[in-house]
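Colleague: Contents of upload-v6.cif (mmCIF, C-alpha atoms) are below:
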data_my_file
#
loop_
_atom_site.label_atom_id
_atom_site.label_comp_id
_atom_site.auth_asym_id
_atom_site.auth_seq_id
_atom_site.Cartn_x
_atom_site.Cartn_y
_atom_site.Cartn_z
CA MET N 13 -169.12 37.24 -128.78
CA GLN N 14 -170.33 33.67 -128.21
CA ALA N 15 -172.55 34.71 -125.32
CA ILE N 16 -174.13 37.42 -127.47
CA THR N 17 -174.75 34.93 -130.27
CA ALA N 18 -176.51 32.58 -127.86
CA ASP N 19 -178.66 35.46 -126.58
CA VAL N 20 -179.65 36.42 -130.12
CA PHE N 21 -180.61 32.84 -130.93
CA LYS N 22 -182.59 32.49 -127.75
CA ALA N 23 -184.36 35.79 -128.30
CA LEU N 24 -185.36 34.86 -131.84
CA SER N 25 -186.37 31.31 -131.02
CA ASP N 26 -189.84 32.52 -130.10
CA PRO N 27 -192.27 33.43 -132.91
CA THR N 28 -193.88 36.29 -130.97
CA ARG N 29 -190.48 37.84 -130.35
CA ARG N 30 -189.56 37.42 -134.01
CA ALA N 31 -192.80 39.15 -134.95
CA ILE N 32 -192.17 42.04 -132.55
CA PHE N 33 -188.64 42.42 -133.86
CA GLU N 34 -189.86 42.43 -137.47
CA TRP N 35 -192.52 45.06 -136.76
CA LEU N 36 -189.94 47.32 -135.18
CA ALA N 37 -187.48 46.70 -138.01
CA HIS N 38 -190.07 47.39 -140.72
CA ASP N 39 -192.24 50.08 -139.17
CA GLY N 40 -189.81 51.90 -136.90
CA GLU N 41 -190.07 52.88 -133.25
CA GLN N 42 -193.23 51.88 -131.38
CA THR N 43 -194.64 52.03 -127.87
CA VAL N 44 -195.36 49.00 -125.73
CA HIS N 45 -199.08 49.83 -126.07
CA ARG N 46 -198.98 49.71 -129.83
CA LEU N 47 -196.98 46.47 -129.83
CA THR N 48 -199.42 44.92 -127.37
CA ALA N 49 -202.36 45.77 -129.64
CA ARG N 50 -200.64 44.10 -132.59
CA ALA N 51 -199.34 41.04 -130.77
CA GLY N 52 -202.69 39.97 -129.35
CA VAL N 53 -201.12 38.95 -126.03
CA SER N 54 -201.10 40.75 -122.67
CA GLN N 55 -198.93 43.78 -122.01
CA PRO N 56 -196.86 42.00 -119.32
CA ALA N 57 -196.18 39.26 -121.87
CA VAL N 58 -195.07 41.81 -124.46
CA SER N 59 -192.89 43.57 -121.88
CA LYS N 60 -191.26 40.25 -121.02
CA HIS N 61 -190.55 39.56 -124.69
CA LEU N 62 -189.10 43.05 -125.09
CA ALA N 63 -186.81 42.47 -122.09
CA VAL N 64 -185.42 39.32 -123.75
CA LEU N 65 -184.92 41.18 -127.03
CA LYS N 66 -183.20 43.99 -125.15
CA LEU N 67 -180.85 41.57 -123.40
CA ALA N 68 -179.80 40.29 -126.82
CA ARG N 69 -179.34 43.93 -127.88
CA LEU N 70 -181.91 43.43 -130.63
CA VAL N 71 -183.99 46.39 -129.41
CA ARG N 72 -183.34 49.65 -127.62
CA ASP N 73 -185.79 51.49 -125.38
CA ARG N 74 -186.39 55.18 -124.85
CA ARG N 75 -188.56 56.66 -122.14
CA GLU N 76 -190.79 59.58 -123.11
CA GLY N 77 -193.34 60.75 -120.58
CA ARG N 78 -195.36 57.75 -119.49
CA GLU N 79 -194.55 55.70 -122.53
CA THR N 80 -191.56 53.55 -123.37
CA HIS N 81 -190.67 53.51 -127.04
CA TYR N 82 -188.82 50.59 -128.57
CA SER N 83 -186.77 50.47 -131.74
CA ALA N 84 -184.97 47.64 -133.56
CA GLN N 85 -181.19 47.32 -133.55
CA PRO N 86 -180.53 45.21 -136.65
CA LYS N 87 -176.78 45.22 -136.01
CA ALA N 88 -177.39 42.61 -133.33
CA LEU N 89 -178.27 40.19 -136.14
CA VAL N 90 -174.72 40.14 -137.45
CA PRO N 91 -173.65 37.08 -135.40
CA LEU N 92 -176.68 35.16 -136.69
CA VAL N 93 -175.97 36.06 -140.31
CA ASP N 94 -172.32 35.17 -139.72
CA TRP N 95 -173.34 31.78 -138.33
CA MET N 96 -175.52 30.93 -141.32
CA SER N 97 -173.02 32.05 -143.91
CA HIS N 98 -170.14 30.48 -141.99
CA TYR N 99 -171.68 27.00 -142.15
CA GLY N 100 -173.01 27.39 -145.69
CA VAL N 101 -169.50 28.08 -146.94
CA PHE N 102 -167.93 25.58 -144.54
CA TRP N 103 -169.99 22.56 -145.64
CA ARG N 104 -169.75 23.31 -149.36
CA GLU N 105 -166.00 23.42 -149.07
CA ARG N 106 -165.94 20.21 -146.98
CA PHE N 107 -168.16 18.42 -149.52
CA ALA N 108 -165.65 19.28 -152.24
CA ARG N 109 -162.84 17.90 -150.09
CA LEU N 110 -164.82 14.73 -149.37
CA GLU N 111 -165.29 14.17 -153.10
CA GLY N 112 -161.60 14.77 -153.69
CA LEU N 113 -160.76 12.15 -151.06
CA LEU N 114 -163.26 9.62 -152.49
CA ASN N 115 -161.68 9.98 -155.92
CA LYS N 116 -158.29 9.06 -154.43
CA MET N 117 -159.54 6.13 -152.33
CA GLU N 118 -159.51 2.50 -153.44
CA LYS N 119 -162.89 0.83 -153.86
CA MET A 5 -181.21 13.85 -127.76
CA LYS A 6 -184.47 13.67 -129.67
CA THR A 7 -185.06 13.67 -133.39
CA PRO A 8 -184.76 17.25 -134.60
CA ASN A 9 -188.04 19.09 -134.48
CA PRO A 10 -189.33 19.63 -138.04
CA THR A 11 -189.75 23.33 -137.30
CA THR A 12 -186.11 23.67 -136.38
CA ARG A 13 -184.19 25.68 -138.88
CA SER A 14 -181.59 23.60 -140.67
CA LEU A 15 -178.95 23.69 -143.33
CA VAL A 16 -179.11 20.89 -145.92
CA ILE A 17 -176.51 20.02 -148.53
CA GLU A 18 -177.11 17.14 -150.94
CA LYS A 19 -174.96 15.73 -153.68
CA ASP A 20 -174.87 12.63 -155.87
CA MET A 21 -171.43 11.08 -155.76
CA PRO A 22 -170.26 8.33 -158.16
CA HIS A 23 -169.10 6.04 -155.34
CA ALA A 24 -170.55 3.10 -153.42
CA PRO A 25 -172.20 3.85 -150.06
CA GLU A 26 -169.69 1.52 -148.32
CA LYS A 27 -166.79 3.64 -149.53
CA ILE A 28 -168.41 6.94 -148.58
CA TRP A 29 -169.26 5.44 -145.18
CA ARG A 30 -165.55 4.78 -144.58
CA ALA A 31 -164.72 8.40 -145.38
CA LEU A 32 -167.40 9.50 -142.90
CA THR A 33 -166.48 7.13 -140.06
CA GLN A 34 -162.73 6.39 -140.08
CA ALA A 35 -160.84 8.97 -138.05
CA PRO A 36 -157.78 9.29 -140.35
CA LEU A 37 -160.07 9.67 -143.38
CA ILE A 38 -162.33 12.17 -141.60
CA GLY A 39 -159.17 14.13 -140.86
CA GLN A 40 -158.43 14.37 -144.56
CA TRP A 41 -161.63 16.14 -145.55
CA LEU A 42 -163.34 17.44 -142.40
CA MET A 43 -161.07 18.08 -139.42
CA GLU A 44 -158.57 16.45 -137.10
CA ASN A 45 -160.56 14.25 -134.72
CA ASP A 46 -160.80 11.34 -132.29
CA PHE A 47 -164.00 9.94 -133.77
CA ARG A 48 -165.00 6.34 -133.14
CA PRO A 49 -168.14 4.76 -134.62
CA VAL A 50 -169.59 3.97 -131.22
CA MET A 51 -172.96 5.15 -129.92
CA GLY A 52 -172.52 7.81 -127.26
CA HIS A 53 -168.82 8.29 -128.02
CA LYS A 54 -167.73 11.86 -127.32
CA PHE A 55 -165.18 13.31 -129.68
CA THR A 56 -163.65 16.61 -130.70
CA LEU A 57 -163.06 18.06 -134.14
CA ARG A 58 -160.23 20.55 -134.39
CA ALA A 59 -159.50 23.01 -137.15
CA LYS A 60 -157.24 26.02 -137.37
CA PRO A 61 -158.85 28.89 -135.45
CA VAL A 62 -160.21 31.69 -137.59
CA PRO A 63 -161.61 35.10 -136.57
CA ASN A 64 -164.79 34.57 -134.51
CA TRP A 65 -164.27 30.81 -134.32
CA ASN A 66 -161.86 28.88 -132.09
CA GLY A 67 -161.89 25.92 -134.47
CA ILE A 68 -163.11 23.45 -131.85
CA VAL A 69 -166.27 21.39 -132.22
CA ASP A 70 -167.51 19.14 -129.40
CA CYS A 71 -169.47 16.15 -130.63
CA GLU A 72 -171.25 13.03 -129.45
CA VAL A 73 -172.36 10.13 -131.63
CA LEU A 74 -176.17 9.89 -131.67
CA ALA A 75 -176.90 7.32 -134.37
CA ILE A 76 -174.98 4.84 -136.48
CA GLU A 77 -176.59 2.71 -139.17
CA PRO A 78 -173.68 1.38 -141.22
CA ASN A 79 -173.62 2.59 -144.83
CA GLN A 80 -176.87 4.49 -144.30
CA ARG A 81 -176.99 7.03 -141.56
CA LEU A 82 -174.67 8.76 -139.14
CA SER A 83 -175.66 11.45 -136.67
CA TYR A 84 -173.70 13.41 -134.10
CA THR A 85 -174.12 16.52 -132.00
CA TRP A 86 -172.13 19.53 -133.09
CA GLY A 87 -171.37 22.07 -130.37
CA SER A 88 -169.44 25.13 -131.38
CA MET A 89 -169.58 28.90 -131.22
CA GLY A 90 -171.80 28.71 -128.16
CA LEU A 91 -174.49 26.81 -130.04
CA ALA A 92 -175.60 23.21 -130.05
CA SER A 93 -176.66 21.61 -133.31
CA VAL A 94 -176.96 18.13 -134.81
CA VAL A 95 -175.27 16.93 -137.98
CA THR A 96 -176.88 13.98 -139.76
CA TRP A 97 -175.46 12.19 -142.79
CA THR A 98 -177.74 10.04 -144.92
CA LEU A 99 -176.54 7.83 -147.77
CA THR A 100 -179.05 6.67 -150.36
CA PRO A 101 -177.77 4.34 -153.08
CA GLY A 102 -178.89 5.13 -156.63
CA ASN A 103 -177.97 4.05 -160.11
CA GLY A 104 -174.18 3.86 -160.02
CA SER A 105 -173.98 6.67 -157.51
CA THR A 106 -174.93 7.53 -153.95
CA ARG A 107 -176.88 10.52 -152.76
CA VAL A 108 -175.01 12.11 -149.88
CA ARG A 109 -177.17 14.29 -147.70
CA MET A 110 -175.88 16.38 -144.82
CA GLU A 111 -178.31 18.16 -142.55
CA GLN A 112 -177.19 20.46 -139.80
CA SER A 113 -180.15 21.34 -137.64
CA GLY A 114 -180.03 23.35 -134.52
CA PHE A 115 -181.67 26.69 -134.58
CA PRO A 116 -183.67 26.68 -131.42
CA SER A 117 -187.31 26.94 -132.27
CA GLU A 118 -190.56 27.12 -130.37
CA GLU A 119 -192.97 27.38 -133.25
CA SER A 120 -196.45 27.35 -131.88
CA PRO A 121 -199.46 26.78 -134.14
CA SER A 122 -201.53 28.81 -131.71
CA TYR A 123 -199.59 31.94 -132.54
CA LYS A 124 -201.78 34.21 -134.67
CA GLY A 125 -199.20 35.79 -136.93
CA ALA A 126 -198.11 32.40 -138.16
CA SER A 127 -196.15 33.75 -141.10
CA TYR A 128 -193.17 34.49 -138.88
CA GLY A 129 -191.45 31.18 -139.38
CA TRP A 130 -187.71 30.92 -139.51
CA LYS A 131 -187.76 30.53 -143.26
CA SER A 132 -189.30 33.90 -143.98
CA PHE A 133 -187.33 35.40 -141.15
CA ILE A 134 -183.99 34.25 -142.51
CA GLY A 135 -185.09 35.41 -145.97
CA GLY A 136 -185.65 38.89 -144.60
CA LEU A 137 -182.50 38.67 -142.56
CA GLU A 138 -180.16 38.82 -145.52
CA ARG A 139 -181.89 41.95 -146.73
CA VAL A 140 -181.61 43.51 -143.27
CA ALA A 141 -177.97 42.48 -143.08
CA GLY A 142 -177.34 44.14 -146.43
CA GLU A 143 -178.64 47.40 -145.01
CA ILE A 144 -176.46 47.29 -141.91
CA ASN A 145 -173.42 48.97 -143.37
#
As structure tokens - that is how I would like this structure written.
Modeller:
Amino acid sequence: MQAITADVFKALSDPTRRAIFEWLAHDGEQTVHRLTARAGVSQPAVSKHLAVLKLARLVRDRREGRETHYSAQPKALVPLVDWMSHYGVFWRERFARLEGLLNKMEK
Amino acid sequence: MKTPNPTTRSLVIEKDMPHAPEKIWRALTQAPLIGQWLMENDFRPVMGHKFTLRAKPVPNWNGIVDCEVLAIEPNQRLSYTWGSMGLASVVTWTLTPGNGSTRVRMEQSGFPSEESPSYKGASYGWKSFIGGLERVAGEIN
């Protein structure tokens, strides 16, 4: 679980990878060729980015003829969403406790 | 540890509290007091001091946070690393005195980020990404 979270963070720490992931999430399955045309970087670079996204289970690949098709796996985002909401709730609750303590403390 | 990169995604919570900065500082830096509102700990207000915060484990979280003091400016600013759930982040407290109250600001920064201005599709910052994330998450189930 923790290792997967770290992989997801690492994968999404790069703006090109975030862009690729968003395209796949919004526009559905695409080939490496199509992604390369959109990304404006070389195909090996795109393939490398896709490998990192795949390691984090953010994308899935499917071979068809000569082309590899990639699609987004939004479920892999769950740990990230959990992390954000975990700390949002956590700190709000701790702030309330801090205020409660301050009200009890002497000057 | 360097100052957090401005492009790093962070969580900020701010609140005006009707107490003097000196009093709030004690609550932030005295171990028994920290234990009353944050977590059990072995904090000491010493630069470089490594300490551990411990809470009751919950699903997906073992309740342990590994920390190291990065900055101490009495009654003004306190910063420590916050390592938990396989991720490193930095928590920084800033106290700003106001009229009869103190603004308490907590920033937890730590999303790794490699924002590059050279990247053409520059709209893919964390902010818009996280915005879209909640929508995507809503569609998951």
Colleague: Which residues are close to A:Thr33, i.e. within 9 Å by all atoms listed in the file, leaving aside same-chain residues fewer than 3 positions away? Reply as a count of residues only.
Modeller: 10
Colleague: Under the rule that only C-alpha atoms are counted, which of A:Gln112, A:Asn79, A:Thr56, A:Asn45 is the nearest residue to chain N?
Modeller: A:Gln112
Colleague: Which is closer to chain N than all the others in A:Ile68, A:Lys54, A:Ala92, A:Pro101, using only C-alpha atoms?
Modeller: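 Closest to chain N, using only C-alpha atoms: A:Ala92.
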Colleague: What are the closest atom pairs, with distances in Å to one decimal, for all residues of chain N lying within 8 Å of chain A? Consider all atoms listed in the file, order rows by chain and residue number, and present the result as JSON lines.
Modeller:
{"residue": "N:Met13", "atom": "CA", "partner": "A:Asn64", "partner_atom": "CA", "distance": 7.7}
{"residue": "N:Gln14", "atom": "CA", "partner": "A:Gly90", "partner_atom": "CA", "distance": 5.2}
{"residue": "N:Ala15", "atom": "CA", "partner": "A:Gly90", "partner_atom": "CA", "distance": 6.7}
{"residue": "N:Thr17", "atom": "CA", "partner": "A:Gly90", "partner_atom": "CA", "distance": 7.2}
{"residue": "N:Ala18", "atom": "CA", "partner": "A:Gly90", "partner_atom": "CA", "distance": 6.1}
{"residue": "N:Phe21", "atom": "CA", "partner": "A:Pro116", "partner_atom": "CA", "distance": 6.9}
{"residue": "N:Lys22", "atom": "CA", "partner": "A:Pro116", "partner_atom": "CA", "distance": 7.0}
{"residue": "N:Ser25", "atom": "CA", "partner": "A:Ser117", "partner_atom": "CA", "distance": 4.6}
{"residue": "N:Asp26", "atom": "CA", "partner": "A:Glu118", "partner_atom": "CA", "distance": 5.5}
{"residue": "N:Pro27", "atom": "CA", "partner": "A:Glu119", "partner_atom": "CA", "distance": 6.1}
{"residue": "N:Thr28", "atom": "CA", "partner": "A:Tyr123", "partner_atom": "CA", "distance": 7.3}
{"residue": "N:Arg30", "atom": "CA", "partner": "A:Tyr128", "partner_atom": "CA", "distance": 6.7}
{"residue": "N:Ala31", "atom": "CA", "partner": "A:Tyr128", "partner_atom": "CA", "distance": 6.1}
{"residue": "N:Gly52", "atom": "CA", "partner": "A:Lys124", "partner_atom": "CA", "distance": 7.9}
{"residue": "N:Pro86", "atom": "CA", "partner": "A:Val140", "partner_atom": "CA", "distance": 6.9}
{"residue": "N:Lys87", "atom": "CA", "partner": "A:Ile144", "partner_atom": "CA", "distance": 6.3}
{"residue": "N:Leu89", "atom": "CA", "partner": "A:Ala141", "partner_atom": "CA", "distance": 7.3}
{"residue": "N:Val90", "atom": "CA", "partner": "A:Ala141", "partner_atom": "CA", "distance": 6.9}
{"residue": "N:Val93", "atom": "CA", "partner": "A:Glu138", "partner_atom": "CA", "distance": 7.2}
{"residue": "N:Gly100", "atom": "CA", "partner": "A:Leu15", "partner_atom": "CA", "distance": 7.4}
{"residue": "N:Trp103", "atom": "CA", "partner": "A:Ile17", "partner_atom": "CA", "distance": 7.6}
{"residue": "N:Arg104", "atom": "CA", "partner": "A:Ile17", "partner_atom": "CA", "distance": 7.6}
{"residue": "N:Arg106", "atom": "CA", "partner": "A:Leu42", "partner_atom": "CA", "distance": 6.0}
{"residue": "N:Phe107", "atom": "CA", "partner": "A:Trp41", "partner_atom": "CA", "distance": 8.0}
{"residue": "N:Arg109", "atom": "CA", "partner": "A:Trp41", "partner_atom": "CA", "distance": 5.0}
{"residue": "N:Leu110", "atom": "CA", "partner": "A:Trp41", "partner_atom": "CA", "distance": 5.2}
{"residue": "N:Glu111", "atom": "CA", "partner": "A:Met21", "partner_atom": "CA", "distance": 7.4}
{"residue": "N:Leu113", "atom": "CA", "partner": "A:Trp41", "partner_atom": "CA", "distance": 6.9}
{"residue": "N:Leu114", "atom": "CA", "partner": "A:Ile28", "partner_atom": "CA", "distance": 7.0}
{"residue": "N:Lys119", "atom": "CA", "partner": "A:Lys27", "partner_atom": "CA", "distance": 6.5}
Colleague: Residue by residue, what does the PyMOL selection byres ((chain N and resi 62) around 12) grab here? Present the result as a PDB file with C-alpha atoms, keeping the file's coordinate frame.
Modeller:
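So expr.pdb came out as:
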ATOM      1  CA  ALA N  23    -184.360  35.790-128.300  1.00  0.00           C
ATOM      2  CA  LEU N  24    -185.360  34.860-131.840  1.00  0.00           C
ATOM      3  CA  ASP N  26    -189.840  32.520-130.100  1.00  0.00           C
ATOM      4  CA  THR N  28    -193.880  36.290-130.970  1.00  0.00           C
ATOM      5  CA  ARG N  29    -190.480  37.840-130.350  1.00  0.00           C
ATOM      6  CA  ARG N  30    -189.560  37.420-134.010  1.00  0.00           C
ATOM      7  CA  ALA N  31    -192.800  39.150-134.950  1.00  0.00           C
ATOM      8  CA  ILE N  32    -192.170  42.040-132.550  1.00  0.00           C
ATOM      9  CA  PHE N  33    -188.640  42.420-133.860  1.00  0.00           C
ATOM     10  CA  LEU N  36    -189.940  47.320-135.180  1.00  0.00           C
ATOM     11  CA  GLN N  42    -193.230  51.880-131.380  1.00  0.00           C
ATOM     12  CA  THR N  43    -194.640  52.030-127.870  1.00  0.00           C
ATOM     13  CA  VAL N  44    -195.360  49.000-125.730  1.00  0.00           C
ATOM     14  CA  LEU N  47    -196.980  46.470-129.830  1.00  0.00           C
ATOM     15  CA  THR N  48    -199.420  44.920-127.370  1.00  0.00           C
ATOM     16  CA  ALA N  51    -199.340  41.040-130.770  1.00  0.00           C
ATOM     17  CA  GLN N  55    -198.930  43.780-122.010  1.00  0.00           C
ATOM     18  CA  PRO N  56    -196.860  42.000-119.320  1.00  0.00           C
ATOM     19  CA  ALA N  57    -196.180  39.260-121.870  1.00  0.00           C
ATOM     20  CA  VAL N  58    -195.070  41.810-124.460  1.00  0.00           C
ATOM     21  CA  SER N  59    -192.890  43.570-121.880  1.00  0.00           C
ATOM     22  CA  LYS N  60    -191.260  40.250-121.020  1.00  0.00           C
ATOM     23  CA  HIS N  61    -190.550  39.560-124.690  1.00  0.00           C
ATOM     24  CA  ALA N  63    -186.810  42.470-122.090  1.00  0.00           C
ATOM     25  CA  VAL N  64    -185.420  39.320-123.750  1.00  0.00           C
ATOM     26  CA  LEU N  65    -184.920  41.180-127.030  1.00  0.00           C
ATOM     27  CA  LYS N  66    -183.200  43.990-125.150  1.00  0.00           C
ATOM     28  CA  LEU N  67    -180.850  41.570-123.400  1.00  0.00           C
ATOM     29  CA  ALA N  68    -179.800  40.290-126.820  1.00  0.00           C
ATOM     30  CA  ARG N  69    -179.340  43.930-127.880  1.00  0.00           C
ATOM     31  CA  LEU N  70    -181.910  43.430-130.630  1.00  0.00           C
ATOM     32  CA  VAL N  71    -183.990  46.390-129.410  1.00  0.00           C
ATOM     33  CA  ARG N  72    -183.340  49.650-127.620  1.00  0.00           C
ATOM     34  CA  ASP N  73    -185.790  51.490-125.380  1.00  0.00           C
ATOM     35  CA  THR N  80    -191.560  53.550-123.370  1.00  0.00           C
ATOM     36  CA  HIS N  81    -190.670  53.510-127.040  1.00  0.00           C
ATOM     37  CA  TYR N  82    -188.820  50.590-128.570  1.00  0.00           C
ATOM     38  CA  SER N  83    -186.770  50.470-131.740  1.00  0.00           C
ATOM     39  CA  ALA N  84    -184.970  47.640-133.560  1.00  0.00           C
TER      40      ALA N  84
END
Colleague: Find the distance between atom CA of N:Asp39 and atom CA of N:Gly77 and write it in Å to one decimal.
Modeller: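 One can read the atom CA of N:Asp39 to atom CA of N:Gly77 distance as 21.5 Å.
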Colleague: Generate the coordinates of N, CA and C atoms for stretch 72-93 of chain A; report them as a PDB file, keeping the file's coordinate frame.
Modeller:
ATOM      1  N   GLU A  72    -170.896  14.311-130.051  1.00  0.00           N
ATOM      2  CA  GLU A  72    -171.250  13.030-129.450  1.00  0.00           C
ATOM      3  C   GLU A  72    -172.054  12.240-130.479  1.00  0.00           C
ATOM      4  N   VAL A  73    -171.683  10.964-130.643  1.00  0.00           N
ATOM      5  CA  VAL A  73    -172.360  10.130-131.630  1.00  0.00           C
ATOM      6  C   VAL A  73    -173.782   9.805-131.161  1.00  0.00           C
ATOM      7  N   LEU A  74    -174.760  10.108-132.015  1.00  0.00           N
ATOM      8  CA  LEU A  74    -176.170   9.890-131.670  1.00  0.00           C
ATOM      9  C   LEU A  74    -176.774   8.693-132.380  1.00  0.00           C
ATOM     10  N   ALA A  75    -176.318   8.415-133.584  1.00  0.00           N
ATOM     11  CA  ALA A  75    -176.900   7.320-134.370  1.00  0.00           C
ATOM     12  C   ALA A  75    -175.884   6.799-135.370  1.00  0.00           C
ATOM     13  N   ILE A  76    -175.834   5.469-135.480  1.00  0.00           N
ATOM     14  CA  ILE A  76    -174.980   4.840-136.480  1.00  0.00           C
ATOM     15  C   ILE A  76    -175.749   3.705-137.133  1.00  0.00           C
ATOM     16  N   GLU A  77    -176.016   3.812-138.390  1.00  0.00           N
ATOM     17  CA  GLU A  77    -176.590   2.710-139.170  1.00  0.00           C
ATOM     18  C   GLU A  77    -175.649   2.524-140.334  1.00  0.00           C
ATOM     19  N   PRO A  78    -174.756   1.508-140.241  1.00  0.00           N
ATOM     20  CA  PRO A  78    -173.680   1.380-141.220  1.00  0.00           C
ATOM     21  C   PRO A  78    -174.150   1.526-142.674  1.00  0.00           C
ATOM     22  N   ASN A  79    -173.403   2.332-143.403  1.00  0.00           N
ATOM     23  CA  ASN A  79    -173.620   2.590-144.830  1.00  0.00           C
ATOM     24  C   ASN A  79    -174.911   3.355-145.128  1.00  0.00           C
ATOM     25  N   GLN A  80    -175.599   3.797-144.069  1.00  0.00           N
ATOM     26  CA  GLN A  80    -176.870   4.490-144.300  1.00  0.00           C
ATOM     27  C   GLN A  80    -176.965   5.836-143.599  1.00  0.00           C
ATOM     28  N   ARG A  81    -176.706   5.811-142.307  1.00  0.00           N
ATOM     29  CA  ARG A  81    -176.990   7.030-141.560  1.00  0.00           C
ATOM     30  C   ARG A  81    -176.045   7.202-140.382  1.00  0.00           C
ATOM     31  N   LEU A  82    -175.565   8.422-140.232  1.00  0.00           N
ATOM     32  CA  LEU A  82    -174.670   8.760-139.140  1.00  0.00           C
ATOM     33  C   LEU A  82    -175.098  10.121-138.585  1.00  0.00           C
ATOM     34  N   SER A  83    -175.198  10.199-137.263  1.00  0.00           N
ATOM     35  CA  SER A  83    -175.660  11.450-136.670  1.00  0.00           C
ATOM     36  C   SER A  83    -174.834  11.767-135.437  1.00  0.00           C
ATOM     37  N   TYR A  84    -174.416  13.013-135.313  1.00  0.00           N
ATOM     38  CA  TYR A  84    -173.700  13.410-134.100  1.00  0.00           C
ATOM     39  C   TYR A  84    -174.039  14.854-133.725  1.00  0.00           C
ATOM     40  N   THR A  85    -173.905  15.136-132.437  1.00  0.00           N
ATOM     41  CA  THR A  85    -174.120  16.520-132.000  1.00  0.00           C
ATOM     42  C   THR A  85    -172.922  17.339-132.464  1.00  0.00           C
ATOM     43  N   TRP A  86    -173.153  18.616-132.571  1.00  0.00           N
ATOM     44  CA  TRP A  86    -172.130  19.530-133.090  1.00  0.00           C
ATOM     45  C   TRP A  86    -172.214  20.793-132.242  1.00  0.00           C
ATOM     46  N   GLY A  87    -171.328  20.909-131.261  1.00  0.00           N
ATOM     47  CA  GLY A  87    -171.370  22.070-130.370  1.00  0.00           C
ATOM     48  C   GLY A  87    -170.201  22.990-130.632  1.00  0.00           C
ATOM     49  N   SER A  88    -170.505  24.188-131.057  1.00  0.00           N
ATOM     50  CA  SER A  88    -169.440  25.130-131.380  1.00  0.00           C
ATOM     51  C   SER A  88    -170.001  26.540-131.397  1.00  0.00           C
ATOM     52  N   MET A  89    -169.170  27.504-131.173  1.00  0.00           N
ATOM     53  CA  MET A  89    -169.580  28.900-131.220  1.00  0.00           C
ATOM     54  C   MET A  89    -170.743  29.173-130.267  1.00  0.00           C
ATOM     55  N   GLY A  90    -170.759  28.472-129.145  1.00  0.00           N
ATOM     56  CA  GLY A  90    -171.800  28.710-128.160  1.00  0.00           C
ATOM     57  C   GLY A  90    -173.157  28.159-128.536  1.00  0.00           C
ATOM     58  N   LEU A  91    -173.214  27.333-129.586  1.00  0.00           N
ATOM     59  CA  LEU A  91    -174.490  26.810-130.040  1.00  0.00           C
ATOM     60  C   LEU A  91    -174.434  25.308-130.234  1.00  0.00           C
ATOM     61  N   ALA A  92    -175.518  24.645-129.857  1.00  0.00           N
ATOM     62  CA  ALA A  92    -175.600  23.210-130.050  1.00  0.00           C
ATOM     63  C   ALA A  92    -176.406  22.915-131.310  1.00  0.00           C
ATOM     64  N   SER A  93    -175.895  22.033-132.151  1.00  0.00           N
ATOM     65  CA  SER A  93    -176.660  21.610-133.310  1.00  0.00           C
ATOM     66  C   SER A  93    -176.409  20.126-133.528  1.00  0.00           C
TER      67      SER A  93
END
